[in-house]
file query26.cif (mmCIF, C-alpha atoms)
data_final
#
loop_
_atom_site.label_atom_id
_atom_site.label_comp_id
_atom_site.auth_asym_id
_atom_site.auth_seq_id
_atom_site.Cartn_x
_atom_site.Cartn_y
_atom_site.Cartn_z
CA MET A 1 35.25 -1.67 4.57
CA GLU A 2 35.29 -4.59 7.00
CA LEU A 3 33.72 -2.40 9.64
CA THR A 4 30.94 -1.45 7.19
CA ALA A 5 30.32 -5.13 6.47
CA LEU A 6 30.20 -5.91 10.18
CA LEU A 7 27.73 -3.11 10.80
CA ILE A 8 25.50 -4.37 7.99
CA VAL A 9 25.57 -7.92 9.36
CA ALA A 10 24.81 -6.58 12.87
CA TYR A 11 21.88 -4.58 11.46
CA PHE A 12 20.27 -7.63 9.90
CA VAL A 13 20.92 -9.75 13.01
CA VAL A 14 19.12 -7.15 15.14
CA LEU A 15 16.33 -6.92 12.56
CA GLY A 16 15.97 -10.72 12.61
CA LEU A 17 15.89 -10.85 16.40
CA ALA A 18 13.36 -8.02 16.54
CA MET A 19 10.96 -10.06 14.41
CA ARG A 20 10.75 -12.68 17.15
CA GLN A 21 9.99 -10.16 19.86
CA ARG A 22 6.48 -9.28 20.94
CA LYS A 23 5.67 -5.88 19.48
CA ARG A 24 4.61 -2.90 21.56
CA VAL A 25 2.13 -0.94 19.49
CA VAL A 26 2.50 2.81 19.72
CA HIS A 27 -0.66 4.76 18.92
CA GLY A 28 -1.17 8.38 18.00
CA PRO A 29 -2.87 10.31 15.21
CA TRP A 30 0.37 11.77 13.81
CA LEU A 31 2.16 8.44 14.05
CA PHE A 32 -0.73 6.86 12.14
CA MET A 33 -0.55 9.53 9.43
CA PHE A 34 3.21 9.18 9.07
CA ARG A 35 3.49 5.43 9.57
CA ALA A 36 5.15 5.24 6.14
CA PHE A 37 8.33 6.39 7.89
CA PHE A 38 8.30 3.24 10.02
CA PRO A 39 7.36 0.47 7.60
CA ASN A 40 7.19 -3.00 9.11
CA TRP A 41 7.42 -4.64 5.65
CA GLN A 42 5.15 -7.47 6.70
CA PHE A 43 2.94 -8.27 3.74
CA TYR A 44 0.48 -11.20 3.85
CA HIS A 45 2.53 -12.51 6.75
CA GLY A 46 0.01 -14.91 8.21
CA LEU A 47 -3.51 -16.29 8.05
CA GLY A 48 -5.75 -14.62 10.57
CA TYR A 49 -8.97 -12.69 10.81
CA ALA A 50 -9.70 -10.46 7.82
CA PRO A 51 -12.53 -7.90 8.08
CA ARG A 52 -15.19 -8.09 5.37
CA LEU A 53 -18.05 -5.71 4.69
CA PHE A 54 -21.60 -6.95 4.19
CA VAL A 55 -24.61 -4.83 3.33
CA ARG A 56 -28.34 -5.31 2.89
CA GLY A 57 -31.07 -2.92 1.80
CA GLN A 58 -34.67 -2.29 2.79
CA THR A 59 -37.32 -1.54 0.17
CA THR A 60 -40.21 0.90 0.57
CA ALA A 61 -42.42 -2.10 1.43
CA GLY A 62 -40.11 -2.87 4.33
CA ASN A 63 -38.63 -6.03 2.80
CA TRP A 64 -34.95 -6.77 3.28
CA THR A 65 -32.64 -7.86 0.50
CA ASP A 66 -30.13 -10.63 1.20
CA TRP A 67 -26.82 -9.73 2.80
CA HIS A 68 -24.25 -9.07 0.08
CA THR A 69 -20.51 -9.02 0.46
CA VAL A 70 -18.71 -5.87 -0.69
CA TYR A 71 -15.23 -6.99 -1.68
CA PRO A 72 -13.40 -5.68 -4.75
CA ARG A 73 -13.17 -8.00 -7.72
CA VAL A 74 -12.07 -6.48 -11.02
CA THR A 75 -11.21 -7.85 -14.45
CA ARG A 76 -7.48 -7.92 -15.10
CA GLN A 77 -6.17 -5.87 -18.03
CA TRP A 78 -2.61 -5.47 -19.31
CA HIS A 79 -2.65 -1.69 -19.13
CA HIS A 80 -3.21 -1.99 -15.37
CA LEU A 81 0.55 -2.48 -15.08
CA VAL A 82 1.05 1.23 -15.79
CA HIS A 83 -2.36 2.70 -14.98
CA ASN A 84 -4.60 1.03 -12.46
CA THR A 85 -6.89 3.58 -10.88
CA THR A 86 -9.86 1.27 -10.43
CA VAL A 87 -7.94 -1.36 -8.52
CA ASN A 88 -5.91 1.08 -6.43
CA LEU A 89 -9.00 3.04 -5.42
CA ALA A 90 -10.89 -0.17 -4.62
CA LEU A 91 -7.99 -1.39 -2.47
CA THR A 92 -7.94 1.92 -0.63
CA GLN A 93 -11.65 1.55 0.06
CA GLN A 94 -11.15 -2.01 1.31
CA ASN A 95 -8.48 -0.56 3.62
CA TRP A 96 -11.16 1.62 5.22
CA VAL A 97 -12.91 -1.60 6.29
CA ASP A 98 -9.62 -2.86 7.78
CA HIS A 99 -9.07 0.45 9.58
CA LEU A 100 -12.66 0.48 10.88
CA SER A 101 -12.10 -2.99 12.26
CA SER A 102 -8.94 -1.77 14.06
CA ASP A 103 -10.79 1.28 15.36
CA ILE A 104 -13.57 -0.89 16.77
CA GLN A 105 -11.12 -3.15 18.54
CA ASP A 106 -9.11 -0.22 19.94
CA LEU A 107 -12.15 1.87 20.87
CA PRO A 108 -11.81 3.36 24.36
CA ASP A 109 -14.64 2.85 26.85
CA GLY A 110 -17.46 5.32 26.31
CA ALA A 111 -16.34 6.33 22.83
CA ASP A 112 -18.77 6.16 19.92
CA ILE A 113 -17.57 4.34 16.84
CA GLN A 114 -20.06 6.25 14.69
CA GLN A 115 -18.03 9.40 15.28
CA ARG A 116 -14.96 7.88 13.67
CA VAL A 117 -14.01 8.87 10.15
CA THR A 118 -13.54 5.22 9.23
CA TYR A 119 -17.14 4.47 10.24
CA GLN A 120 -18.42 7.28 8.07
CA LEU A 121 -16.26 6.26 5.13
CA VAL A 122 -17.47 2.66 5.36
CA THR A 123 -21.07 3.91 5.62
CA ARG A 124 -20.55 5.74 2.34
CA LEU A 125 -18.97 2.65 0.81
CA ALA A 126 -21.89 0.46 1.88
CA HIS A 127 -24.34 3.07 0.57
CA GLN A 128 -22.63 3.21 -2.81
CA ALA A 129 -22.67 -0.59 -3.01
CA ILE A 130 -26.35 -1.05 -2.10
CA ARG A 131 -27.31 1.68 -4.59
CA GLY A 132 -25.78 -0.38 -7.42
CA GLY A 133 -22.39 1.38 -7.53
CA HIS A 134 -19.36 0.16 -9.45
CA TRP A 135 -15.69 -0.33 -8.70
CA GLY A 136 -14.21 2.40 -10.84
CA PRO A 137 -16.05 4.73 -13.24
CA GLU A 138 -19.82 4.30 -13.41
CA GLY A 139 -20.97 1.87 -16.04
CA THR A 140 -17.53 0.78 -17.21
CA ASN A 141 -16.46 -1.64 -14.54
CA VAL A 142 -17.66 -4.34 -12.23
CA ARG A 143 -20.61 -3.68 -9.94
CA MET A 144 -19.79 -3.70 -6.25
CA ILE A 145 -22.59 -6.17 -5.59
CA ASP A 146 -22.92 -8.91 -8.14
CA ALA A 147 -26.71 -9.21 -7.96
CA GLU A 148 -29.85 -7.46 -9.13
CA LEU A 149 -30.87 -5.02 -6.41
CA PRO A 150 -34.32 -3.48 -5.98
CA PRO A 151 -34.54 0.23 -5.18
CA VAL A 152 -33.93 0.60 -1.45
CA VAL A 153 -34.78 3.40 0.96
CA ALA A 154 -32.55 2.30 3.80
CA PHE A 155 -29.63 -0.02 4.40
CA GLN A 156 -27.62 -1.68 7.10
CA PHE A 157 -24.06 -2.90 7.03
CA GLU A 158 -22.10 -5.39 9.03
CA VAL A 159 -18.39 -5.92 9.47
CA ARG A 160 -17.54 -9.57 9.93
CA LEU A 161 -14.19 -11.13 10.68
CA HIS A 162 -13.41 -14.00 8.37
CA HIS A 163 -10.70 -16.36 9.49
CA LEU A 164 -8.77 -16.83 6.28
CA GLY A 165 -8.39 -20.45 5.30
CA THR A 166 -11.29 -21.63 7.45
CA ASP A 167 -15.05 -21.14 7.41
CA HIS A 168 -15.02 -19.40 10.78
CA VAL A 169 -16.76 -16.01 10.81
CA GLU A 170 -17.30 -13.63 13.72
CA PRO A 171 -19.59 -10.60 13.57
CA LEU A 172 -17.79 -7.46 14.69
CA LEU A 173 -20.18 -4.57 14.09
CA LEU A 174 -23.79 -4.24 12.99
CA SER A 175 -24.77 -0.73 11.96
CA PRO A 176 -28.17 0.77 12.72
CA LEU A 177 -30.62 1.23 9.88
CA VAL A 178 -29.43 4.13 7.73
CA PRO A 179 -31.74 5.93 5.27
CA THR A 180 -30.32 6.23 1.76
CA TRP A 181 -29.53 9.66 0.38
CA ASN A 182 -29.00 11.26 -3.01
CA MET B 1 27.82 -0.28 -11.10
CA GLU B 2 29.41 3.16 -11.33
CA LEU B 3 27.97 5.95 -9.21
CA SER B 4 27.02 8.16 -12.16
CA LEU B 5 25.16 5.31 -13.87
CA ALA B 6 23.42 4.34 -10.63
CA ILE B 7 22.28 7.93 -10.08
CA ARG B 8 20.85 8.29 -13.60
CA ALA B 9 19.12 4.90 -13.49
CA PHE B 10 17.65 5.71 -10.07
CA GLU B 11 16.44 9.16 -11.15
CA ILE B 12 14.81 7.81 -14.31
CA LEU B 13 13.11 4.88 -12.58
CA LEU B 14 11.93 6.87 -9.55
CA GLY B 15 10.72 9.65 -11.87
CA TRP B 16 8.82 7.11 -13.99
CA SER B 17 7.21 5.62 -10.89
CA LEU B 18 6.16 9.10 -9.73
CA VAL B 19 4.78 10.00 -13.18
CA LEU B 20 2.57 6.89 -13.19
CA GLN B 21 1.37 7.53 -9.65
CA SER B 22 0.62 11.18 -10.40
CA LEU B 23 -1.44 10.33 -13.48
CA GLU B 24 -3.39 7.85 -11.37
CA TYR B 25 -3.99 10.44 -8.64
CA LEU B 26 -5.34 12.90 -11.23
CA ARG B 27 -7.78 10.35 -12.65
CA ILE B 28 -8.82 9.09 -9.23
CA GLN B 29 -9.99 12.61 -8.39
CA ARG B 30 -12.73 12.10 -10.98
CA GLN B 31 -13.58 8.50 -9.98
CA ASP B 32 -13.63 8.85 -6.23
CA ARG B 33 -17.07 9.77 -4.95
CA LEU B 34 -16.55 8.86 -1.31
CA SER B 35 -13.36 10.13 0.26
CA ASP B 36 -13.63 13.87 -0.01
CA TRP B 37 -11.44 15.99 2.21
CA CYS B 38 -14.43 17.47 4.10
CA LEU B 39 -14.73 14.15 5.92
CA GLN B 40 -11.12 13.00 6.04
CA ARG B 41 -9.95 16.29 7.51
CA LEU B 42 -11.49 15.17 10.82
CA ASP B 43 -8.65 12.66 11.14
CA ILE B 44 -6.15 15.52 11.42
CA PRO B 45 -5.55 16.44 15.07
CA PRO B 46 -7.16 19.83 15.87
CA HIS B 47 -3.95 21.18 17.41
CA PRO B 48 -2.05 23.05 16.18
CA HIS B 49 -4.92 24.85 14.44
CA TRP B 50 -2.92 26.08 11.50
CA VAL B 51 -2.22 22.57 10.20
CA ARG B 52 -5.84 21.75 9.48
CA ALA B 53 -6.45 25.25 8.08
CA LEU B 54 -3.46 24.90 5.77
CA LEU B 55 -4.50 21.44 4.61
CA ASP B 56 -8.04 22.68 3.96
CA ARG B 57 -6.56 25.09 1.43
CA VAL B 58 -4.12 22.60 -0.08
CA PHE B 59 -6.78 19.94 -0.58
CA LEU B 60 -9.37 22.11 -2.28
CA PRO B 61 -10.04 20.22 -5.55
CA ARG B 62 -8.31 22.73 -7.80
CA ALA B 63 -5.34 23.21 -5.44
CA TYR B 64 -4.98 19.44 -5.05
CA ASN B 65 -4.90 18.98 -8.82
CA THR B 66 -2.26 21.70 -9.05
CA LEU B 67 -0.23 19.91 -6.38
CA ILE B 68 -0.37 16.65 -8.32
CA GLY B 69 0.46 18.54 -11.52
CA MET B 70 3.54 19.96 -9.78
CA ARG B 71 4.53 16.47 -8.70
CA LEU B 72 4.18 15.29 -12.28
CA ALA B 73 6.37 18.13 -13.56
CA LEU B 74 8.98 17.50 -10.85
CA ALA B 75 8.99 13.79 -11.69
CA ILE B 76 9.67 14.60 -15.35
CA GLY B 77 12.40 16.98 -14.18
CA LEU B 78 13.90 14.15 -12.13
CA MET B 79 13.87 11.83 -15.15
CA SER B 80 15.63 14.46 -17.24
CA GLY B 81 18.36 14.80 -14.62
CA GLY B 82 17.67 18.45 -13.95
CA LEU B 83 16.27 18.26 -10.43
CA GLY B 84 18.25 19.93 -7.68
CA LEU B 85 17.89 20.32 -3.93
CA ALA B 86 14.78 22.51 -4.19
CA GLY B 87 13.04 19.94 -6.38
CA ALA B 88 13.96 17.09 -4.04
CA VAL B 89 12.58 19.04 -1.07
CA MET B 90 9.36 19.79 -2.96
CA LEU B 91 8.86 16.15 -3.94
CA PHE B 92 9.41 15.13 -0.32
CA VAL B 93 6.94 17.70 1.01
CA ILE B 94 4.31 16.68 -1.55
CA ALA B 95 4.80 13.06 -0.45
CA LEU B 96 4.06 14.11 3.14
CA LEU B 97 0.94 15.97 2.03
CA LEU B 98 -0.26 12.92 0.12
CA LEU B 99 0.17 10.81 3.25
CA LEU B 100 -2.10 13.25 5.10
CA ARG B 101 -4.62 13.30 2.26
CA TRP B 102 -4.92 9.51 2.16
CA ARG B 103 -4.95 8.63 5.88
CA GLY B 104 -1.27 7.70 6.01
CA ALA B 105 -1.06 5.72 2.80
CA PHE B 106 -2.92 5.44 -0.47
CA ASN B 107 -1.41 2.17 -1.61
CA GLY B 108 0.35 0.70 1.44
CA GLY B 109 3.80 -0.72 0.78
CA SER B 110 4.31 1.10 -2.52
CA ASP B 111 3.86 4.41 -0.69
CA PHE B 112 6.40 3.29 1.90
CA MET B 113 8.96 2.37 -0.75
CA THR B 114 8.28 5.54 -2.74
CA LEU B 115 8.91 7.52 0.43
CA ALA B 116 12.15 5.59 0.97
CA GLY B 117 13.23 6.57 -2.56
CA LEU B 118 12.29 10.22 -2.03
CA THR B 119 14.03 10.27 1.35
CA GLY B 120 17.14 8.84 -0.31
CA LEU B 121 16.91 11.55 -2.95
CA LEU B 122 16.60 14.20 -0.24
CA ILE B 123 19.56 12.76 1.71
CA ALA B 124 21.64 12.80 -1.49
CA HIS B 125 20.93 16.46 -2.17
CA VAL B 126 21.11 17.76 1.42
CA LEU B 127 24.27 15.81 2.25
CA GLY B 128 25.69 16.74 -1.14
CA THR B 129 25.14 20.41 -0.38
CA LEU B 130 26.72 20.11 3.06
CA THR B 131 29.71 18.01 1.90
CA ASP B 132 30.16 17.04 -1.75
CA PRO B 133 27.83 15.43 -4.32
CA VAL B 134 29.64 12.07 -4.30
CA THR B 135 29.29 11.69 -0.52
CA GLY B 136 25.69 12.87 -0.74
CA TRP B 137 24.70 10.33 -3.37
CA ARG B 138 26.56 7.53 -1.58
CA GLY B 139 24.55 8.30 1.55
CA GLY B 140 21.27 8.47 -0.37
CA LEU B 141 21.82 5.26 -2.30
CA TRP B 142 22.94 3.34 0.81
CA TYR B 143 19.80 4.49 2.63
CA ILE B 144 17.60 3.24 -0.22
CA CYS B 145 19.57 0.00 -0.48
CA LEU B 146 19.17 -0.77 3.23
CA GLN B 147 15.43 -0.05 3.10
CA THR B 148 15.06 -2.34 0.08
CA LEU B 149 17.06 -5.18 1.61
CA SER B 150 15.14 -4.78 4.88
CA SER B 151 11.83 -4.99 3.05
CA TYR B 152 12.67 -8.36 1.47
CA PHE B 153 14.48 -9.68 4.53
CA VAL B 154 11.60 -8.97 6.93
CA SER B 155 8.93 -10.02 4.47
CA GLY B 156 10.68 -13.36 3.86
CA TRP B 157 11.65 -14.37 7.39
CA ILE B 158 8.37 -13.28 8.98
CA LYS B 159 6.63 -15.75 6.67
CA LEU B 160 9.07 -18.55 7.39
CA LEU B 161 8.24 -18.21 11.08
CA ARG B 162 4.62 -19.11 10.30
CA PRO B 163 3.55 -22.76 9.86
CA GLU B 164 0.88 -21.86 7.29
CA TRP B 165 3.58 -20.42 5.02
CA ARG B 166 5.96 -23.31 5.57
CA SER B 167 3.19 -25.72 4.53
CA GLY B 168 2.29 -23.60 1.50
CA ARG B 169 -1.35 -23.29 2.59
CA ALA B 170 -1.16 -19.52 3.12
CA MET B 171 -0.12 -18.89 -0.47
CA THR B 172 -3.20 -20.58 -1.92
CA VAL B 173 -5.51 -18.83 0.56
CA PHE B 174 -4.07 -15.39 -0.18
CA LEU B 175 -4.16 -15.96 -3.95
CA ASP B 176 -7.87 -16.72 -3.56
CA THR B 177 -8.38 -13.27 -2.03
CA GLY B 178 -6.74 -11.51 -5.01
CA ILE B 179 -8.60 -8.58 -6.53
CA TYR B 180 -8.64 -10.24 -9.96
CA GLY B 181 -10.65 -13.10 -8.54
CA PRO B 182 -9.94 -16.39 -6.82
CA LEU B 183 -7.70 -19.01 -8.39
CA ALA B 184 -9.42 -21.24 -10.92
CA PRO B 185 -10.57 -24.56 -9.43
CA THR B 186 -8.01 -26.32 -11.62
CA SER B 187 -5.16 -23.87 -10.97
CA ILE B 188 -1.78 -25.52 -10.45
CA TYR B 189 -1.33 -23.36 -7.33
CA ARG B 190 -4.00 -25.44 -5.62
CA SER B 191 -1.58 -28.36 -5.60
CA PRO B 192 -0.28 -28.48 -1.99
CA ARG B 193 3.17 -29.67 -3.06
CA LEU B 194 3.59 -26.94 -5.67
CA ALA B 195 2.25 -24.30 -3.28
CA GLN B 196 4.73 -25.45 -0.64
CA ALA B 197 7.62 -25.44 -3.13
CA CYS B 198 6.69 -21.94 -4.36
CA SER B 199 6.31 -20.64 -0.80
CA TRP B 200 9.71 -21.93 0.27
CA ALA B 201 11.36 -20.71 -2.93
CA PHE B 202 10.22 -17.12 -2.70
CA THR B 203 10.38 -16.73 1.06
CA LEU B 204 13.97 -18.02 1.10
CA TRP B 205 14.82 -15.75 -1.84
CA GLU B 206 13.36 -12.80 0.08
CA GLY B 207 15.00 -13.78 3.36
CA PHE B 208 18.45 -14.11 1.79
CA PHE B 209 18.19 -10.91 -0.26
CA PRO B 210 20.81 -9.11 1.90
CA LEU B 211 23.39 -11.56 0.47
CA ALA B 212 23.07 -9.49 -2.71
CA LEU B 213 25.57 -7.11 -1.16
CA MET B 214 28.32 -9.74 -1.41
CA ASP B 215 28.71 -9.53 -5.17
CA VAL B 216 27.20 -7.41 -7.92
CA ARG B 217 26.45 -10.49 -10.08
CA LEU B 218 24.54 -11.99 -7.19
CA ALA B 219 22.74 -8.68 -6.75
CA MET B 220 21.76 -8.71 -10.44
CA ALA B 221 20.33 -12.21 -10.02
CA PHE B 222 18.37 -11.22 -6.90
CA CYS B 223 17.02 -8.12 -8.67
CA ALA B 224 16.07 -10.09 -11.80
CA VAL B 225 14.07 -12.54 -9.69
CA ALA B 226 12.56 -9.58 -7.84
CA ILE B 227 11.21 -8.14 -11.09
CA CYS B 228 9.47 -11.46 -11.87
CA PHE B 229 8.18 -11.63 -8.28
CA HIS B 230 6.67 -8.13 -8.36
CA PHE B 231 5.14 -8.82 -11.76
CA LEU B 232 3.40 -11.88 -10.31
CA VAL B 233 2.20 -9.80 -7.34
CA PHE B 234 0.73 -7.38 -9.87
CA TRP B 235 -0.77 -10.24 -11.87
CA PHE B 236 -2.64 -11.72 -8.94
CA PHE B 237 -3.21 -8.75 -6.63
CA GLY B 238 -3.25 -5.81 -9.05
CA LEU B 239 -0.47 -4.00 -7.17
CA ASN B 240 1.10 -2.21 -10.14
CA ARG B 241 2.66 0.55 -8.05
CA PHE B 242 4.74 -2.00 -6.16
CA VAL B 243 6.47 -3.04 -9.41
CA TRP B 244 7.70 0.47 -10.20
CA ALA B 245 8.41 1.59 -6.63
CA TRP B 246 10.73 -1.37 -5.96
CA LEU B 247 12.26 -1.29 -9.45
CA ALA B 248 13.42 2.28 -8.74
CA SER B 249 15.46 1.00 -5.79
CA TYR B 250 17.50 -1.61 -7.69
CA PRO B 251 20.16 0.82 -8.99
CA ALA B 252 20.94 1.56 -5.33
CA VAL B 253 21.22 -2.17 -4.55
CA LEU B 254 23.50 -2.76 -7.55
CA TYR B 255 25.67 0.25 -6.71
CA CYS B 256 26.12 -0.81 -3.08
CA ALA B 257 26.80 -4.42 -4.10
CA ALA B 258 29.49 -3.22 -6.53
CA GLY B 259 31.07 -1.00 -3.89
#
call {"tool": "encode", "arguments": {"input": "query26.cif", "output": "structure tokens"}}
result
Amino acid sequence: MELTALLIVAYFVVLGLAMRQRKRVVHGPWLFMFRAFFPNWQFYHGLGYAPRLFVRGQTTAGNWTDWHTVYPRVTRQWHHLVHNTTVNLALTQQNWVDHLSSDIQDLPDGADIQQRVTYQLVTRLAHQAIRGGHWGPEGTNVRMIDAELPPVVAFQFEVRLHHLGTDHVEPLLLSPLVPTWN
Amino acid sequence: MELSLAIRAFEILLGWSLVLQSLEYLRIQRQDRLSDWCLQRLDIPPHPHWVRALLDRVFLPRAYNTLIGMRLALAIGLMSGGLGLAGAVMLFVIALLLLLRWRGAFNGGSDFMTLAGLTGLLIAHVLGTLTDPVTGWRGGLWYICLQTLSSYFVSGWIKLLRPEWRSGRAMTVFLDTGIYGPLAPTSIYRSPRLAQACSWAFTLWEGFFPLALMDVRLAMAFCAVAICFHFLVFWFFGLNRFVWAWLASYPAVLYCAAG
């Protein structure tokens, strides 16, 4: 039993020391897909740059709307404790923005970000937002953009890095003009 | 906590967590208009060919719903105590498929902890088949316990290494990013002293969670605080799956602390 206790203490000492070490990031598509097997358990661990999605639309007359932020905000309800599809789906979609940001920063020379799945997912997200989409089922939840939007025929999105806790913002990616679709 | 009680509590809580997740997955199929498999399949490496071809079949809408329905039925079987090795293997395989469907994770940490629970369940049944059920379940519960303690330990100490957490500033900033909206202008959590006190209290509690192994009463106290903590995380960030995924691991913590 004493040996078990010693091994447990040793495990947490190693774990503690490992936290102070500089991490070597290992990349790979299968490792990414199965990263749940190697959780780092670091949630909200520090203030840094957080990617945020912005979108604007162009009307048939060629006028641009303002830039609007697309960040999930939902009304809290008690039943969400056991059934929370709207929030969980919205958080997954916000994760696409985070993953796109990582993809941009890790993009090899000569590669095209528009070919990445994350780019295409975020394009769809921006399109849904600028077309007056909602977080969750249509018509029952909060609109993705909290403003009256005119009908648009094209849109553009931007990923900006917000430094949490400060007003500092850095643009990361500006998409080309994308025609809307049905 | 006795082994038999720990096993039943774990099976019921993990099963409950899986039932809730499965019902959400079924409903999300109808809500989600963006992330169809036709696009996400491109994230799967093209070699070996058969993997993508197999997943294309598994993730057809009807087949996917059947898969989730199977998961739901297996989860109910787990809660009833009637799930054997085959069921544990199937739950594990479905978990792997869901990771592939949702680009590695649908809901981040809750997926990781759910996988830890399912891996523990698999270890219990495989090891139990190779040796005896008691050894199998001991191995499975210890695996889950170590994953749970690691999750709190790392999460706590990594924050204490950061000045913005030690000052309490990070807590207010993160609460403002919560999905249910920013803190009210008059919220008590905007008080720097209270934010600092809260930050130190919960990061130290997380960091010292491994001490739960010293005594079962201490473990019960740590787990009781953990329930309140995860409820607050749900309250501010909407992370309901985290509540149930971590709750399912506490029988393992209590069993190991009692041993």
call {"tool": "resolve_selection", "arguments": {"input": "query26.cif", "expression": "the PyMOL selection byres ((chain A) within 9 of (chain B))", "output": "ChimeraX atom specification"}}
result
/A:8-9,12,15-16,19-20,29-47,71-76,80-93,116-118,120-121,124-125,128,136-138,164-165
call {"tool": "closest_residue", "arguments": {"input": "query26.cif", "among": "B:Ile227, B:Leu141, B:Ala221, B:Leu183", "to": "Ala6 (chain B)", "atoms": "only C-alpha atoms"}}
result
B:Leu141
call {"tool": "residues_around", "arguments": {"input": "query26.cif", "residues": "Ile113 (chain A)", "least_positions_apart": "6", "cutoff": "10 Å", "atoms": "only C-alpha atoms", "output": "number ranges by chain"}}
result
A: 100, 103-104, 107, 119-120, 173
call {"tool": "atom_distance", "arguments": {"input": "query26.cif", "atom1": "CA of Val178 (chain A)", "atom2": "CA of Tyr49 (chain A)"}}
result
26.7 Å
call {"tool": "closest_residue", "arguments": {"input": "query26.cif", "among": "A:Thr180, A:Gln115, A:Thr166, A:Thr60", "to": "Ala154 (chain A)", "atoms": "all atoms listed in the file"}}
result
A:Thr180
call {"tool": "atom_distance", "arguments": {"input": "query26.cif", "atom1": "CA of Gln114 (chain A)", "atom2": "CA of Gln156 (chain A)"}}
result
13.3 Å
